[in-house]
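Enquirer: Pasting a structure below so you can have a look.
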Protein chains: 2
Amino acid sequence: MFGVPNLLHESSPFDAGAVISITVFISLLCLCIIIGHLLEENRWANESITSLLLGLVSGAVVLLIRKGQNSRILEFDEELFFIYLLPPIIFNAGFQVKKKQFFKNFSTILSFGVLGTLISFCLISAGGLFLLKKIGLTQLSVNDYMALGAIFSATDSVCTLQVLNQDDTPLLYSVVFGEGVVNDATSIVLFNAVQSLDLSNLSAMTTLALLGTFLYLFFTSTVLGIFVGLLSAFIIKKLYIGRHSTDREIALMMLMAYLSYMIAELMDLSGILTVFFCGVVMSHYTWHNVSESSRITSKHAFATMSFISETFIFLYVGMDTLDIDKWKESNSSPGTYLAVSSTMLALVLIGRAAFIFPLANILNCVRSDDQKIDLSRQFIIWWAGLMRGAVTVALSYNGFSNSGEPISNERSLMISCTIIVVLFSTLLFGTVTKPLIKAILGGSRRVTSDATDIPSLEYLNIPFLETVEQNQNGDDDPQHQRGRFSLLMKYPTGAAHHIWRKFDDKFMRPVFGGRGFVTYEPASPTGAADPSHEH
Amino acid sequence: MFGVPNLLHESSPFDAGAVISITVFISLLCLCIIIGHLLEENRWANESITSLLLGLVSGAVVLLIRKGQNSRILEFDEELFFIYLLPPIIFNAGFQVKKKQFFKNFSTILSFGVLGTLISFCLISAGGLFLLKKIGLTQLSVNDYMALGAIFSATDSVCTLQVLNQDDTPLLYSVVFGEGVVNDATSIVLFNAVQSLDLSNLSAMTTLALLGTFLYLFFTSTVLGIFVGLLSAFIIKKLYIGRHSTDREIALMMLMAYLSYMIAELMDLSGILTVFFCGVVMSHYTWHNVSESSRITSKHAFATMSFISETFIFLYVGMDTLDIDKWKESNSSPGTYLAVSSTMLALVLIGRAAFIFPLANILNCVRSDDQKIDLSRQFIIWWAGLMRGAVTVALSYNGFSNSGEPISNERSLMISCTIIVVLFSTLLFGTVTKPLIKAILGGSRRVTSDATDIPSLEYLNIPFLETVEQNQNGDDDPQHQRGRFSLLMKYPTGAAHHIWRKFDDKFMRPVFGGRGFVTYEPASPTGAADPSHEH
């Protein structure tokens with residue numbers, strides 16, 4: 001404009017490439033949000049699919065602009081994914097999860113997430129080893145096939161959140177989503193174990209060690225998450241009495257949640273599990289200790305961050321699909337792609353079916369009649385967990401690309417096929433799931449297990465926790481005690497929940513706050529009798 | 001625990017160093033927030049100083065742990081600063097600024113920010129060239145001295161926000177802070193101009209080109225910010241009527257604000273100015289178009305992000321101070337450090353005095369009596385703008401470290417001295433400013449210019465904007481018109497504000513929303529008569 005381009009040229013103090021990438025990404029994110037809003041009423045589409053497709057389209061546009069050279073504007077970066085994008089999503093999931101439902105189905109979630117993932121891992125590894133060799137792949141080792149098993153066992157908890165509705169189908173939501181969180185952790189642990197395992201020495205001892213490691217990781221990660229969550233509740237309760245500062249409260253919650261994830265990673269634990277349980281504890285205690293505006297803000301701010309991260313991930317995966325370099329590197333025919341991808345997809349389908357239906361039926365034996373998972377629900381649980389997402393992509397990059405050195409054709413083929421499976425499963429299963437659930441559950445919704453409530457166990461007094469009340473009521477009648485015992489047997493989850501509630505009111509809330517802690521009177525049972533309690 | 005360290009070892013899929021750094025930083029941030037809260041009542045301390053000192057202490061601890069090798073756990077990264085930390089701070093400043101005060105003092109802000117910075121730049125450059133050569137520096141070129149001038153002309157708008165209070169001293173706050181924003185932009189433009197200028201050919205033409213570039217940048221950046229802000233208001237108003245989704249609204253606001261910054265950087269404009277004005281427009285229009293919970297959330301979420309960024313920056317600068325490598329590189333005696341740092345500090349003091357007092361007195365001539373800035377206020381404006389902050393550090397790294405190749409002793413000395421000046425000025429001026437303002441303004445607060453309000457100009461009808469009303473009221477009385485004219489002359493800012501308000505109500509609000517747009521009736525003057533309007 002003034003003929004001094006040399007002055008303008010140097011104006012930006014940082015890399016122009018990074019600026020362009022970020023600008024494009026942010027514009028696409030805005031577009032995703034707007035299109036997602038416009039398609040909200042549409043039963044087929046959701047934000048994940050919109051972002052994936054938009055990513056694909058923009059990848060194609062970039063490819064055209066660069067004349068077929070390269071579609072990437074951002075290298076897929078595991079660090080970006082694991083350090084910045086995943087934690088807010090999982091934390092928010094823990095923060096917003098319906099705790100009652102989640103803990104009610106805890107045994108189901110654990111069996112599906114741990115046992116199920118192990119079954120699926122074995123099946124996919126063995127199937128891959130057997131079938132891919134038939135297709136003609138020769139370069140991959142046994143470790144690679146086991147890595148494949150771990151990679152494809154990781155369901156996508158992000159897309160699940162968008163397809164299932166917590167309010168309409170609380171049972172399905174909590175089972176499928178809860179399983180997804182545990183499953184992510186299991187897959188990552190399995191994947192790392194496989195990467196470092198010496199398979200020439202595979203013995204019973206190694207298997208036992210693997211199991212021990214897993215249990216250790218699971219337990220420690222959970223405890224760490226709970227600890228950090230309680231710490232945040234304690235700090236905010238102690239410090240902020242009467243002097244609330246919304247900015248500080250939210251900053252502290254956000255930073256401590258993130259801290260829990262980073263500490264877990266630092267200690268080589270599962271950050272996903274840790275940050276999930278940190279979210280659960282924060283929503284139960286910390287959230288009630290902050291001011292009203294902090295409550296509104298935190299709820300929405302965490303959801304927004306998670307929402308942006310999710311959209312970003314799908315946009316990213318969609319864009320990565322058309323990365324021409326990767327396709328060239330693998331040097332394979334379209335037939336091979338098709339064969340490998342469909343084999344893997346079939347293995348994913350079978351691997352999931354192989355644990356959902358048997359485990360669900362075994363669990364039904366110990367569940368009471370009204371809590372059984374019927375066949376149509378089993379089908380939906382199976383179906384909704386078929387999507388593969390960003391964790392799969394990230395693990396695949398981690399497993400098959402050696403940073404720096406050029407990678408072999410077949411390893412490159414594996415990465416490409418992973419992306420094809422992720423894309424296909426998200427588009428297909430993501431699109432059909434919502435209408436499918438409506439079709440299957442349409443009329444019968446909320447009639448069966450989804451609506452079960454724990455029966456009132458208010459008179460089920462627990463010794464030690466309620467000595468005062470017990471003595472007052474003279475609750476030593478043997479018949480009453482027998483009734484109490486049979487109730488405990490009939491509703492073990494309900495009883496556990498009741499015991500927890502008493503414990504919570506007596507020991508936890510006075511220290512860590514939580515709903516109604518301000519008006520809490522240590523000797524009064526009102527807290528326990530409040531029907532609006534949800535924990 | 002299970003004797004399988006090989007399984008645990010590989011569990012983290014990313015660089016352990018990065019994880020440690022982030023963990024330490026997040027822990028320190030949490031500490032800063034807690035300590036900052038505890039010191040809130042203290043009149044000497046504020047969050048900036050706490051973070052700086054905490055950064056210093058932790059730098060020392062790291063130094064001890066590494067046995068004097070290195071205190072850095074994160075390399076000072078301009079990209080991190082300019083792309084991630086600065087935008088939320090400036091955006092939030094624009095979003096929360098009291099628009100009425102800001103625009104009332106717009107002429108003062110512009111003269112201080114542009115003319116003042118130029119004066120300060122010339123003085124510091126010339127003084128540096130003259131004095132530092134006397135100290136014995138020989139390696140620096142004229143360009144380097146001019147860069148020094150630009151670097152040390154950048155006041156720290158972040159610390160200002162914490163020291164001055166928008167409610168207690170609105171005039172001072174808006175002048176000092178507004179000047180800070182304009183000044184940041186001016187310094188960065190000057191710095192880049194100096195970096196690329198060929199000083200052997202310095203002619204009147206070059207100077208004119210520099211001025212032209214500056215005006216072009218200023219104007220274009222502002223327009224871009226306003227445009228993106230209006231676009232966001234328009235999109236949200238059009239799309240979200242009756243179907244509000246808090247997550248999407250906040251995500252869209254956040255992303256579009258950031259987009260404005262990135263587009264400005266991409267077009268080599270001043271991102272700081274753009275994102276500032278984007279924030280101003282968003283708080284005037286967009287914010288009123290979203291749902292109630294989005295309003296609460298956005299207000300606090302933006303403030304929180306800005307708060308975290310600020311704390312992070314000061315922590316960072318504090319930690320960077322004890323970077324032993326940098327001190328070794330410069331290879332200078334403590335005497336040289338002292339001499340150079342105190343020279344620069346003196347130049348900063350003189351450079352600022354050289355424009356605040358003359359310009360303020362010149363401006364007082366055209367201001368009406370009750371709006372004059374008296375000497376005590378001039379002194380505070382001078383004093384509060386003496387702090388140097390992160391922009392100075394970032395520019396200094398940019399100017400004096402050549403990435404890759406080793407840098408000369410004197411260039412390294414310049415970086416160290418910049419950090420000393422930043423540290424010293426923040427600690428000294430930051431600590432003393434709050435008590436100083438109290439001491440100086442203590443009794444007389446809100447008596448003089450700080451409390452001036454624009455007189456009611458409701459009957460000052462403007463043709464074209466108010467043809468309907470005018471005809472109805474028969475407002476053609478010549479005496480009335482003369483009174484109107486003299487009012488316009490007496491309160492030019494007030495008149496401009498009034499005209500803007502009429503224009504806003506007639507043309508802008510119907511399209512872009514804003515306060516009360518839902519009940520807005522195009523032909524009714526109620527919107528303009530509402531006393532709670534603030535714009």
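Lettering and numbering for the structure tokens are positional, with chains as A, B, ... in the shown order, residues counted from 1 in each chain, and ligands counted from 1 in the shown order.
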In segment 264-463 of chain B, what's alpha helix (DSSP H) per DSSP? Answer as a VMD selection string?

Expert: chain B and resid 264 to 266 271 to 281 287 to 289 292 to 321 324 to 330 334 to 366 375 to 384 390 to 400 409 to 441

Enquirer: For the selection you just gave me, I'd like the residues written to a file as a short mmCIF file (atom, residue, chain, number, x, y, z; two decimals), in the first residue's frame, keeping C-alpha atoms.

Expert:
```cif
data_model
loop_
_atom_site.label_atom_id
_atom_site.label_comp_id
_atom_site.auth_asym_id
_atom_site.auth_seq_id
_atom_site.Cartn_x
_atom_site.Cartn_y
_atom_site.Cartn_z
CA ALA B 264 -3.86 -10.27 11.62
CA GLU B 265 -0.53 -12.05 12.11
CA LEU B 266 -0.97 -13.79 8.79
CA GLY B 271 -2.52 -8.95 16.17
CA ILE B 272 -2.57 -7.20 19.52
CA LEU B 273 -4.62 -4.28 18.22
CA THR B 274 -6.91 -6.57 16.25
CA VAL B 275 -7.73 -8.90 19.10
CA PHE B 276 -8.19 -5.96 21.44
CA PHE B 277 -10.81 -4.34 19.24
CA CYS B 278 -12.37 -7.71 18.55
CA GLY B 279 -12.82 -8.03 22.32
CA VAL B 280 -14.36 -4.57 22.55
CA VAL B 281 -16.87 -5.29 19.78
CA TRP B 287 -22.00 -10.96 24.45
CA HIS B 288 -25.58 -9.70 24.53
CA ASN B 289 -26.70 -12.20 21.89
CA GLU B 292 -27.56 -16.11 30.18
CA SER B 293 -25.27 -18.98 31.18
CA SER B 294 -23.00 -18.28 28.19
CA ARG B 295 -22.70 -14.70 29.39
CA ILE B 296 -21.60 -15.71 32.87
CA THR B 297 -19.33 -18.41 31.52
CA SER B 298 -17.67 -16.29 28.85
CA LYS B 299 -17.00 -13.42 31.23
CA HIS B 300 -15.30 -15.65 33.76
CA ALA B 301 -13.70 -18.12 31.36
CA PHE B 302 -11.96 -15.35 29.41
CA ALA B 303 -10.82 -13.71 32.63
CA THR B 304 -9.50 -17.05 33.90
CA MET B 305 -7.58 -17.76 30.71
CA SER B 306 -6.05 -14.32 30.83
CA PHE B 307 -5.23 -14.75 34.50
CA ILE B 308 -3.46 -18.07 33.90
CA SER B 309 -1.49 -16.62 30.98
CA GLU B 310 -0.37 -13.62 33.01
CA THR B 311 0.74 -15.72 35.94
CA PHE B 312 2.52 -18.08 33.59
CA ILE B 313 4.43 -15.26 31.92
CA PHE B 314 5.72 -13.79 35.17
CA LEU B 315 6.65 -17.20 36.49
CA TYR B 316 8.49 -17.77 33.27
CA VAL B 317 10.41 -14.50 33.35
CA GLY B 318 11.34 -15.07 36.98
CA MET B 319 12.63 -18.51 36.20
CA ASP B 320 14.52 -17.33 33.15
CA THR B 321 16.46 -14.84 35.24
CA ILE B 324 23.22 -19.60 34.12
CA ASP B 325 24.16 -20.28 30.49
CA LYS B 326 23.10 -16.82 29.43
CA TRP B 327 25.16 -15.23 32.19
CA LYS B 328 28.20 -17.25 31.26
CA GLU B 329 27.82 -16.45 27.58
CA SER B 330 27.97 -12.71 28.04
CA PRO B 334 29.12 -7.52 37.46
CA GLY B 335 30.09 -3.87 37.08
CA THR B 336 29.19 -3.90 33.40
CA TYR B 337 25.86 -5.53 34.17
CA LEU B 338 25.12 -2.90 36.76
CA ALA B 339 26.20 -0.04 34.53
CA VAL B 340 24.25 -1.19 31.48
CA SER B 341 21.11 -2.10 33.44
CA SER B 342 21.00 1.12 35.41
CA THR B 343 21.65 3.15 32.24
CA MET B 344 18.76 1.46 30.51
CA LEU B 345 16.52 1.91 33.52
CA ALA B 346 17.41 5.60 33.70
CA LEU B 347 16.69 5.98 29.99
CA VAL B 348 13.32 4.30 30.49
CA LEU B 349 12.49 6.77 33.28
CA ILE B 350 13.60 9.78 31.26
CA GLY B 351 12.08 8.52 28.00
CA ARG B 352 8.68 8.19 29.63
CA ALA B 353 8.88 11.49 31.48
CA ALA B 354 9.83 13.20 28.22
CA PHE B 355 6.44 12.56 26.69
CA ILE B 356 3.96 12.15 29.55
CA PHE B 357 4.38 15.62 31.08
CA PRO B 358 4.62 17.69 27.87
CA LEU B 359 1.85 15.80 26.06
CA ALA B 360 -0.45 15.84 29.09
CA ASN B 361 -0.05 19.61 29.40
CA ILE B 362 -0.66 20.14 25.70
CA LEU B 363 -3.78 17.98 25.91
CA ASN B 364 -4.94 19.89 28.97
CA CYS B 365 -5.15 23.02 26.81
CA VAL B 366 -7.90 21.51 24.64
CA LEU B 375 0.13 17.01 37.96
CA SER B 376 -0.41 14.24 40.52
CA ARG B 377 -2.27 12.20 37.93
CA GLN B 378 0.44 12.87 35.35
CA PHE B 379 2.91 11.54 37.86
CA ILE B 380 0.89 8.36 38.39
CA ILE B 381 0.50 7.82 34.64
CA TRP B 382 4.25 8.22 34.28
CA TRP B 383 4.99 5.92 37.20
CA ALA B 384 2.48 3.17 36.38
CA ALA B 390 7.00 -9.97 28.78
CA VAL B 391 6.75 -8.08 25.48
CA THR B 392 10.12 -6.50 26.26
CA VAL B 393 11.67 -9.89 27.04
CA ALA B 394 10.20 -11.48 23.93
CA LEU B 395 11.40 -8.67 21.66
CA SER B 396 14.83 -8.77 23.26
CA TYR B 397 15.20 -12.50 22.56
CA ASN B 398 13.96 -11.89 19.05
CA GLY B 399 16.41 -9.04 18.48
CA PHE B 400 19.56 -10.31 20.12
CA ASN B 409 29.05 -11.47 24.24
CA GLU B 410 27.43 -8.09 23.99
CA ARG B 411 24.22 -9.34 22.45
CA SER B 412 23.97 -11.87 25.24
CA LEU B 413 24.67 -9.08 27.73
CA MET B 414 21.75 -7.13 26.26
CA ILE B 415 19.36 -10.03 26.85
CA SER B 416 20.54 -10.42 30.45
CA CYS B 417 20.23 -6.70 31.11
CA THR B 418 16.74 -6.65 29.63
CA ILE B 419 15.72 -9.32 32.10
CA ILE B 420 17.32 -7.41 34.97
CA VAL B 421 15.43 -4.26 34.01
CA VAL B 422 12.15 -6.17 33.66
CA LEU B 423 12.63 -7.85 37.01
CA PHE B 424 13.70 -4.72 38.80
CA SER B 425 11.03 -2.47 37.34
CA THR B 426 8.24 -4.96 37.99
CA LEU B 427 9.34 -5.58 41.55
CA LEU B 428 10.01 -1.94 42.40
CA PHE B 429 7.29 -0.07 40.51
CA GLY B 430 4.79 -2.91 40.88
CA THR B 431 5.16 -2.97 44.66
CA VAL B 432 5.09 0.75 45.25
CA THR B 433 2.39 1.79 42.79
CA LYS B 434 -0.68 0.70 44.75
CA PRO B 435 0.35 2.45 48.00
CA LEU B 436 1.56 5.44 45.97
CA ILE B 437 -1.80 5.91 44.27
CA LYS B 438 -3.52 5.63 47.62
CA ALA B 439 -1.17 8.20 49.13
CA ILE B 440 -1.48 10.68 46.27
CA LEU B 441 -5.19 10.37 45.52
#
```

Enquirer: Just checking: using only C-alpha atoms, which residue out of A:Gly212, A:Gly385, A:Gly514, A:Gly178 ends up closest to chain B?

Expert: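 Smallest distance to chain B is found for A:Gly212.
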
Enquirer: Mind giving me the straight-line distance from atom CA of Lys104 of chain A to atom CA of Leu118 of chain A in Å, one decimal?

Expert: 22.9 Å

Enquirer: Show which residues sit within 9 Å of Val290 of chain B, as number ranges by chain. Count only C-alpha atoms, and ignore same-chain residues fewer than 5 positions away.

Expert: B: 236-237, 240, 244-246, 249-250, 295

Enquirer: Between atom CA of Ser27 of chain A and atom CA of Leu80 of chain A, what is the distance in Å, rounded to a tenth?

Expert: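 Atom-to-atom, atom CA of Ser27 of chain A and atom CA of Leu80 of chain A are spaced 18.9 Å apart.
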
Enquirer: Just how far from atom CA of Tyr145 of chain B is atom CA of Lys133 of chain B, in Å to one decimal?

Expert: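 Computing the Euclidean distance for atom CA of Lys133 of chain B and atom CA of Tyr145 of chain B yields 10.4 Å.
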